[in-house]
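J.: This is the content of final08.txt (compact mmCIF, C-alpha atoms):
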# COMPACT_ATOMS: atom_id res chain seq x y z
CA MET S 1 11.97 -15.85 18.39
CA LYS S 2 8.60 -17.57 18.26
CA LEU S 3 9.60 -19.44 15.09
CA ARG S 4 12.85 -20.67 16.71
CA ARG S 5 10.88 -21.81 19.77
CA ARG S 6 8.39 -23.70 17.61
CA VAL S 7 11.13 -25.34 15.57
CA VAL S 8 13.00 -26.44 18.71
CA LEU S 9 9.85 -27.87 20.31
CA LEU S 10 8.80 -29.58 17.07
CA LEU S 11 12.22 -31.18 16.50
CA SER S 12 12.85 -32.09 20.14
CA SER S 13 9.50 -33.87 20.27
CA ALA S 14 10.15 -35.74 16.98
CA LEU S 15 7.48 -33.79 15.11
CA GLY S 16 5.10 -33.81 18.07
CA LEU S 17 5.34 -37.48 19.07
CA GLY S 18 6.80 -36.50 22.44
CA TYR S 19 3.49 -34.87 23.30
CA LEU S 20 1.54 -38.11 23.05
CA PRO S 21 0.17 -39.00 26.50
CA ARG S 22 1.53 -42.54 26.78
CA ALA S 23 5.04 -43.85 26.18
CA PRO S 24 6.56 -40.81 24.43
CA GLY S 25 10.00 -42.49 24.36
CA THR S 26 8.58 -45.45 22.49
CA TRP S 27 6.97 -43.12 19.93
CA GLY S 28 10.27 -41.27 19.60
CA THR S 29 12.02 -44.56 18.93
CA LEU S 30 9.47 -45.40 16.25
CA ALA S 31 10.20 -42.03 14.62
CA ALA S 32 13.70 -43.29 13.81
CA LEU S 33 12.41 -46.18 11.68
CA PRO S 34 11.68 -44.16 8.51
CA ILE S 35 15.15 -42.59 8.75
CA TRP S 36 16.73 -46.05 9.17
CA TRP S 37 14.77 -47.27 6.15
CA LEU S 38 16.01 -44.31 4.07
CA ILE S 39 19.68 -44.75 4.99
CA ALA S 40 19.87 -48.56 5.23
CA ASP S 41 21.18 -49.02 1.69
CA LEU S 42 23.62 -46.11 1.72
CA PRO S 43 27.37 -46.74 1.91
CA TRP S 44 28.48 -47.16 5.53
CA TRP S 45 30.22 -43.79 5.65
CA GLN S 46 27.14 -41.91 4.43
CA ALA S 47 24.87 -43.69 6.92
CA GLY S 48 27.47 -42.94 9.59
CA LEU S 49 27.58 -39.24 8.72
CA ILE S 50 23.80 -39.02 8.86
CA THR S 51 23.71 -40.85 12.20
CA VAL S 52 26.39 -38.56 13.64
CA GLY S 53 24.56 -35.54 12.21
CA VAL S 54 21.28 -36.60 13.82
CA ALA S 55 23.08 -37.18 17.14
CA GLY S 56 24.78 -33.78 16.98
CA GLY S 57 21.54 -32.07 16.02
CA ALA S 58 19.75 -33.91 18.82
CA ILE S 59 22.24 -32.56 21.37
CA TRP S 60 21.71 -29.00 20.17
CA VAL S 61 17.92 -29.32 20.00
CA ALA S 62 17.66 -31.08 23.39
CA ASP S 63 19.79 -28.37 24.98
CA ALA S 64 17.61 -25.63 23.52
CA ALA S 65 14.42 -27.48 24.55
CA GLU S 66 15.68 -27.91 28.11
CA ARG S 67 16.19 -24.15 28.35
CA LEU S 68 12.64 -23.56 27.08
CA TYR S 69 11.15 -26.09 29.52
CA GLY S 70 13.40 -25.04 32.41
CA ALA S 71 14.03 -28.67 33.38
CA HIS S 72 16.39 -31.53 32.55
CA ASP S 73 15.35 -34.39 30.25
CA VAL S 74 11.66 -33.58 30.01
CA GLN S 75 9.59 -36.54 28.71
CA ARG S 76 8.47 -34.49 25.70
CA ILE S 77 12.07 -34.44 24.44
CA VAL S 78 12.32 -37.63 22.38
CA ILE S 79 14.86 -36.63 19.73
CA ASP S 80 17.38 -38.50 21.90
CA GLU S 81 15.47 -41.75 21.24
CA VAL S 82 15.68 -41.08 17.51
CA ALA S 83 19.45 -40.68 17.73
CA GLY S 84 19.86 -43.73 19.98
CA MET S 85 17.80 -45.95 17.71
CA LEU S 86 19.85 -44.88 14.68
CA VAL S 87 23.01 -45.87 16.57
CA THR S 88 21.40 -49.24 17.33
CA ALA S 89 20.54 -49.71 13.65
CA PHE S 90 23.93 -48.68 12.24
CA LEU S 91 25.00 -51.20 9.57
CA VAL S 92 21.96 -53.38 10.25
CA PRO S 93 19.75 -54.19 7.25
CA PHE S 94 16.23 -52.84 7.40
CA ARG S 95 14.37 -56.16 7.52
CA TRP S 96 11.52 -56.84 9.90
CA PRO S 97 13.27 -59.44 12.12
CA GLU S 98 16.17 -57.03 12.64
CA VAL S 99 13.86 -54.03 13.05
CA LEU S 100 11.85 -55.77 15.78
CA VAL S 101 14.90 -57.00 17.67
CA ALA S 102 16.69 -53.66 17.36
CA PHE S 103 13.61 -51.83 18.62
CA VAL S 104 13.17 -54.14 21.61
CA LEU S 105 16.87 -54.10 22.54
CA PHE S 106 17.12 -50.32 22.35
CA ARG S 107 13.95 -49.77 24.39
CA LEU S 108 15.12 -52.35 26.95
CA PHE S 109 18.49 -50.61 27.47
CA ASP S 110 16.95 -47.14 27.33
CA MET S 111 14.29 -47.91 29.93
CA THR S 112 16.32 -50.06 32.35
CA LYS S 113 19.52 -48.00 32.04
CA PRO S 114 22.04 -50.64 33.11
CA PRO S 115 25.52 -49.45 34.13
CA PRO S 116 27.16 -47.34 32.77
CA ILE S 117 24.06 -45.84 31.13
CA ARG S 118 22.46 -44.92 34.48
CA GLN S 119 25.61 -43.09 35.60
CA LEU S 120 25.70 -41.10 32.35
CA ASP S 121 22.02 -40.23 32.75
CA GLN S 122 22.53 -39.01 36.32
CA LYS S 123 25.82 -37.13 35.98
CA VAL S 124 25.85 -35.44 32.57
CA GLN S 125 23.68 -32.34 32.28
CA GLY S 126 22.36 -30.28 29.38
CA GLY S 127 21.50 -31.47 25.91
CA PHE S 128 24.61 -33.65 25.86
CA GLY S 129 23.36 -35.47 28.95
CA VAL S 130 19.88 -35.91 27.48
CA VAL S 131 21.29 -37.60 24.38
CA LEU S 132 24.37 -39.35 25.77
CA ASP S 133 22.54 -42.05 27.73
CA ASP S 134 20.47 -42.91 24.62
CA LEU S 135 23.61 -43.08 22.48
CA ALA S 136 25.14 -45.43 25.06
CA ALA S 137 21.97 -47.55 25.05
CA GLY S 138 22.20 -47.58 21.26
CA VAL S 139 25.82 -48.75 21.32
CA LEU S 140 25.03 -51.60 23.74
CA ALA S 141 21.96 -52.64 21.75
CA SER S 142 23.93 -52.46 18.50
CA LEU S 143 26.76 -54.60 19.84
CA LEU S 144 24.28 -57.22 21.03
CA LEU S 145 22.36 -57.09 17.75
CA HIS S 146 25.48 -57.42 15.59
CA GLY S 147 26.76 -60.22 17.81
CA ALA S 148 23.47 -62.11 17.49
CA ARG S 149 23.42 -61.61 13.72
CA TRP S 150 27.01 -62.89 13.50
CA LEU S 151 26.32 -65.93 15.68
CA LEU S 152 23.13 -66.77 13.80
CA GLY S 153 24.62 -66.28 10.34
CA GLY S 154 22.83 -63.06 9.46
CA TRP S 155 19.47 -64.48 10.52
CA TRP S 156 16.88 -65.32 7.90
Show me the file's structure as structure tokens.

T.:
Amino acid sequence: MKLRRRVVLLLSSALGLGYLPRAPGTWGTLAALPIWWLIADLPWWQAGLITVGVAGGAIWVADAAERLYGAHDVQRIVIDEVAGMLVTAFLVPFRWPEVLVAFVLFRLFDMTKPPPIRQLDQKVQGGFGVVLDDLAAGVLASLLLHGARWLLGGWW
């Protein structure tokens, strides 16, 4: 039981980043960058499977962590930011202009929670609720990012 508890807390905090005293969500978002780098050159379906797998795992881990903490969406749980950032980055090349814009867009949507993200955050409970608002923020950020890349001809 102690091992399961440690694994859940380690994964839900993105290997401990959620325990950092300032801006744990930002650190959790940064934790997604090495994963994005690793999957950026994979075929779309493989990157998609990994992204869906991380999101599904995040839901399970966040749900288990919530039970351990006894509270909903504790700040130490940042695996949801990892999943949301991977959604933002889906089919986006890992190049620094795109990385910076993707990071800023995801954090903007995740922190401000514009509609319908705020409603999802308030109404959906459990691990699914913890992760769902970040996935929605990731979808909005991804749409904006892909639209900007299309309008600007793929950027640099």

J.: With all atoms listed in the file counted, which protein, DNA or RNA residues have an atom no more than 6 Å from (8.8, -33.1, 21.5) in the file frame? Please answer as a PDB file with C-alpha atoms, keeping the file's coordinate frame.

T.:
ATOM      1  CA  LEU S   9       9.850 -27.870  20.310  1.00  0.00           C
ATOM      2  CA  LEU S  10       8.800 -29.580  17.070  1.00  0.00           C
ATOM      3  CA  SER S  12      12.850 -32.090  20.140  1.00  0.00           C
ATOM      4  CA  SER S  13       9.500 -33.870  20.270  1.00  0.00           C
ATOM      5  CA  ALA S  14      10.150 -35.740  16.980  1.00  0.00           C
ATOM      6  CA  GLY S  16       5.100 -33.810  18.070  1.00  0.00           C
ATOM      7  CA  GLY S  18       6.800 -36.500  22.440  1.00  0.00           C
ATOM      8  CA  TYR S  19       3.490 -34.870  23.300  1.00  0.00           C
ATOM      9  CA  ARG S  76       8.470 -34.490  25.700  1.00  0.00           C
ATOM     10  CA  ILE S  77      12.070 -34.440  24.440  1.00  0.00           C
ATOM     11  CA  VAL S  78      12.320 -37.630  22.380  1.00  0.00           C
TER      12      VAL S  78
END

J.: Using only C-alpha atoms, which residue out of S:Ile39, S:Val131, S:Ala137, S:Ala89 lies closest to Asp63 in chain S?

T.: S:Val131

J.: Within 12 Å of Leu49 in chain S, counting only C-alpha atoms, which residues show up once you throw out same-chain ones fewer than 5 positions away? Write them as a list in words, please.

T.: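 Once the adjacent positions are removed, what remains is Ile39, Leu42, Pro43, Trp44, Val54, Ala55, Gly56, Gly57, Leu86, Val87 and Phe90 of chain S.
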
J.: Could you check the closest approach to Gly28 in chain S for each of S:Val101, S:Val7, S:Ala83, S:Val124 and tell me which residue wins, using only C-alpha atoms?

T.: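 Using only C-alpha atoms, Gly28 in chain S sits closest to S:Ala83.
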
J.: With all atoms listed in the file as the counted atoms, please give the residues lying no more than 10 Å from Ile35 in chain S, apart from itself and same-chain residues fewer than 4 positions off, as an NGL selection string.

T.: :S and (30-31 or 39-40 or 47 or 50-51 or 54 or 82 or 85-86)

J.: Could you state the separation of CA of Arg5 in chain S and CA of Val130 in chain S in Å, given to one decimal place?

T.: 18.4 Å

J.: Show me, as JSON, the centre and edge lengths in Å to one decimal of the axis-aligned box that covers every listed atom of range 98-109 of chain S with 8 Å on each side.

T.:
{"center_x": 15.2, "center_y": -53.4, "center_z": 20.1, "size_x": 22.6, "size_y": 23.3, "size_z": 30.8}

J.: May I ask for the distance between CA of Leu11 in chain S and CA of Leu38 in chain S, given in Å to one decimal place?

T.: 18.5 Å

J.: Would you compute the distance between CA of Thr88 in chain S and CA of Leu68 in chain S? Give it in Å to one decimal.

T.: 28.8 Å

J.: Taking all atoms listed in the file into account, name the residue in S:Pro115, S:Gly53, S:Gly127, S:Gly154 that is nearest to Pro97 in chain S.

T.: S:Gly154

J.: List as an NGL selection string the protein and nucleic acid residues near Arg118 in chain S, meaning an atom at most 12 Å away when only C-alpha atoms are counted, but skip any in the same chain fewer than 4 places from it.

T.: :S and (109-114 or 122-124 or 129-130 or 132-134 or 136-137)

J.: Which one of S:Gln46, S:Ser142, S:Thr29, S:Gln125 sits closest to Ala62 in chain S if you count all atoms listed in the file?

T.: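 Checking each candidate against Ala62 in chain S, we get S:Gln125 as the closest.
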
J.: Taking all atoms listed in the file into account, name the residue in S:Leu3, S:Ala64, S:Ala58, S:Leu15 that is nearest to Asp80 in chain S.

T.: S:Ala58

J.: For Ala32 in chain S, which residue out of S:Trp60, S:Gly84, S:Val52, S:Val8 is the nearest one, using only C-alpha atoms?

T.: S:Gly84

J.: Near His146 in chain S, within 12 Å and counting all atoms listed in the file, which residues show up once chain neighbours fewer than 5 positions away are dropped, as a ChimeraX atom specification?

T.: /S:87-93,98,101-102,105,138-141,151-155

J.: Restrict the selected residues to C-alpha atoms and save them as a compact mmCIF listing (two decimals), in the coordinates of the input.

T.:
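Written out: out.txt:
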# COMPACT_ATOMS: atom_id res chain seq x y z
CA VAL S 87 23.01 -45.87 16.57
CA THR S 88 21.40 -49.24 17.33
CA ALA S 89 20.54 -49.71 13.65
CA PHE S 90 23.93 -48.68 12.24
CA LEU S 91 25.00 -51.20 9.57
CA VAL S 92 21.96 -53.38 10.25
CA PRO S 93 19.75 -54.19 7.25
CA GLU S 98 16.17 -57.03 12.64
CA VAL S 101 14.90 -57.00 17.67
CA ALA S 102 16.69 -53.66 17.36
CA LEU S 105 16.87 -54.10 22.54
CA GLY S 138 22.20 -47.58 21.26
CA VAL S 139 25.82 -48.75 21.32
CA LEU S 140 25.03 -51.60 23.74
CA ALA S 141 21.96 -52.64 21.75
CA LEU S 151 26.32 -65.93 15.68
CA LEU S 152 23.13 -66.77 13.80
CA GLY S 153 24.62 -66.28 10.34
CA GLY S 154 22.83 -63.06 9.46
CA TRP S 155 19.47 -64.48 10.52
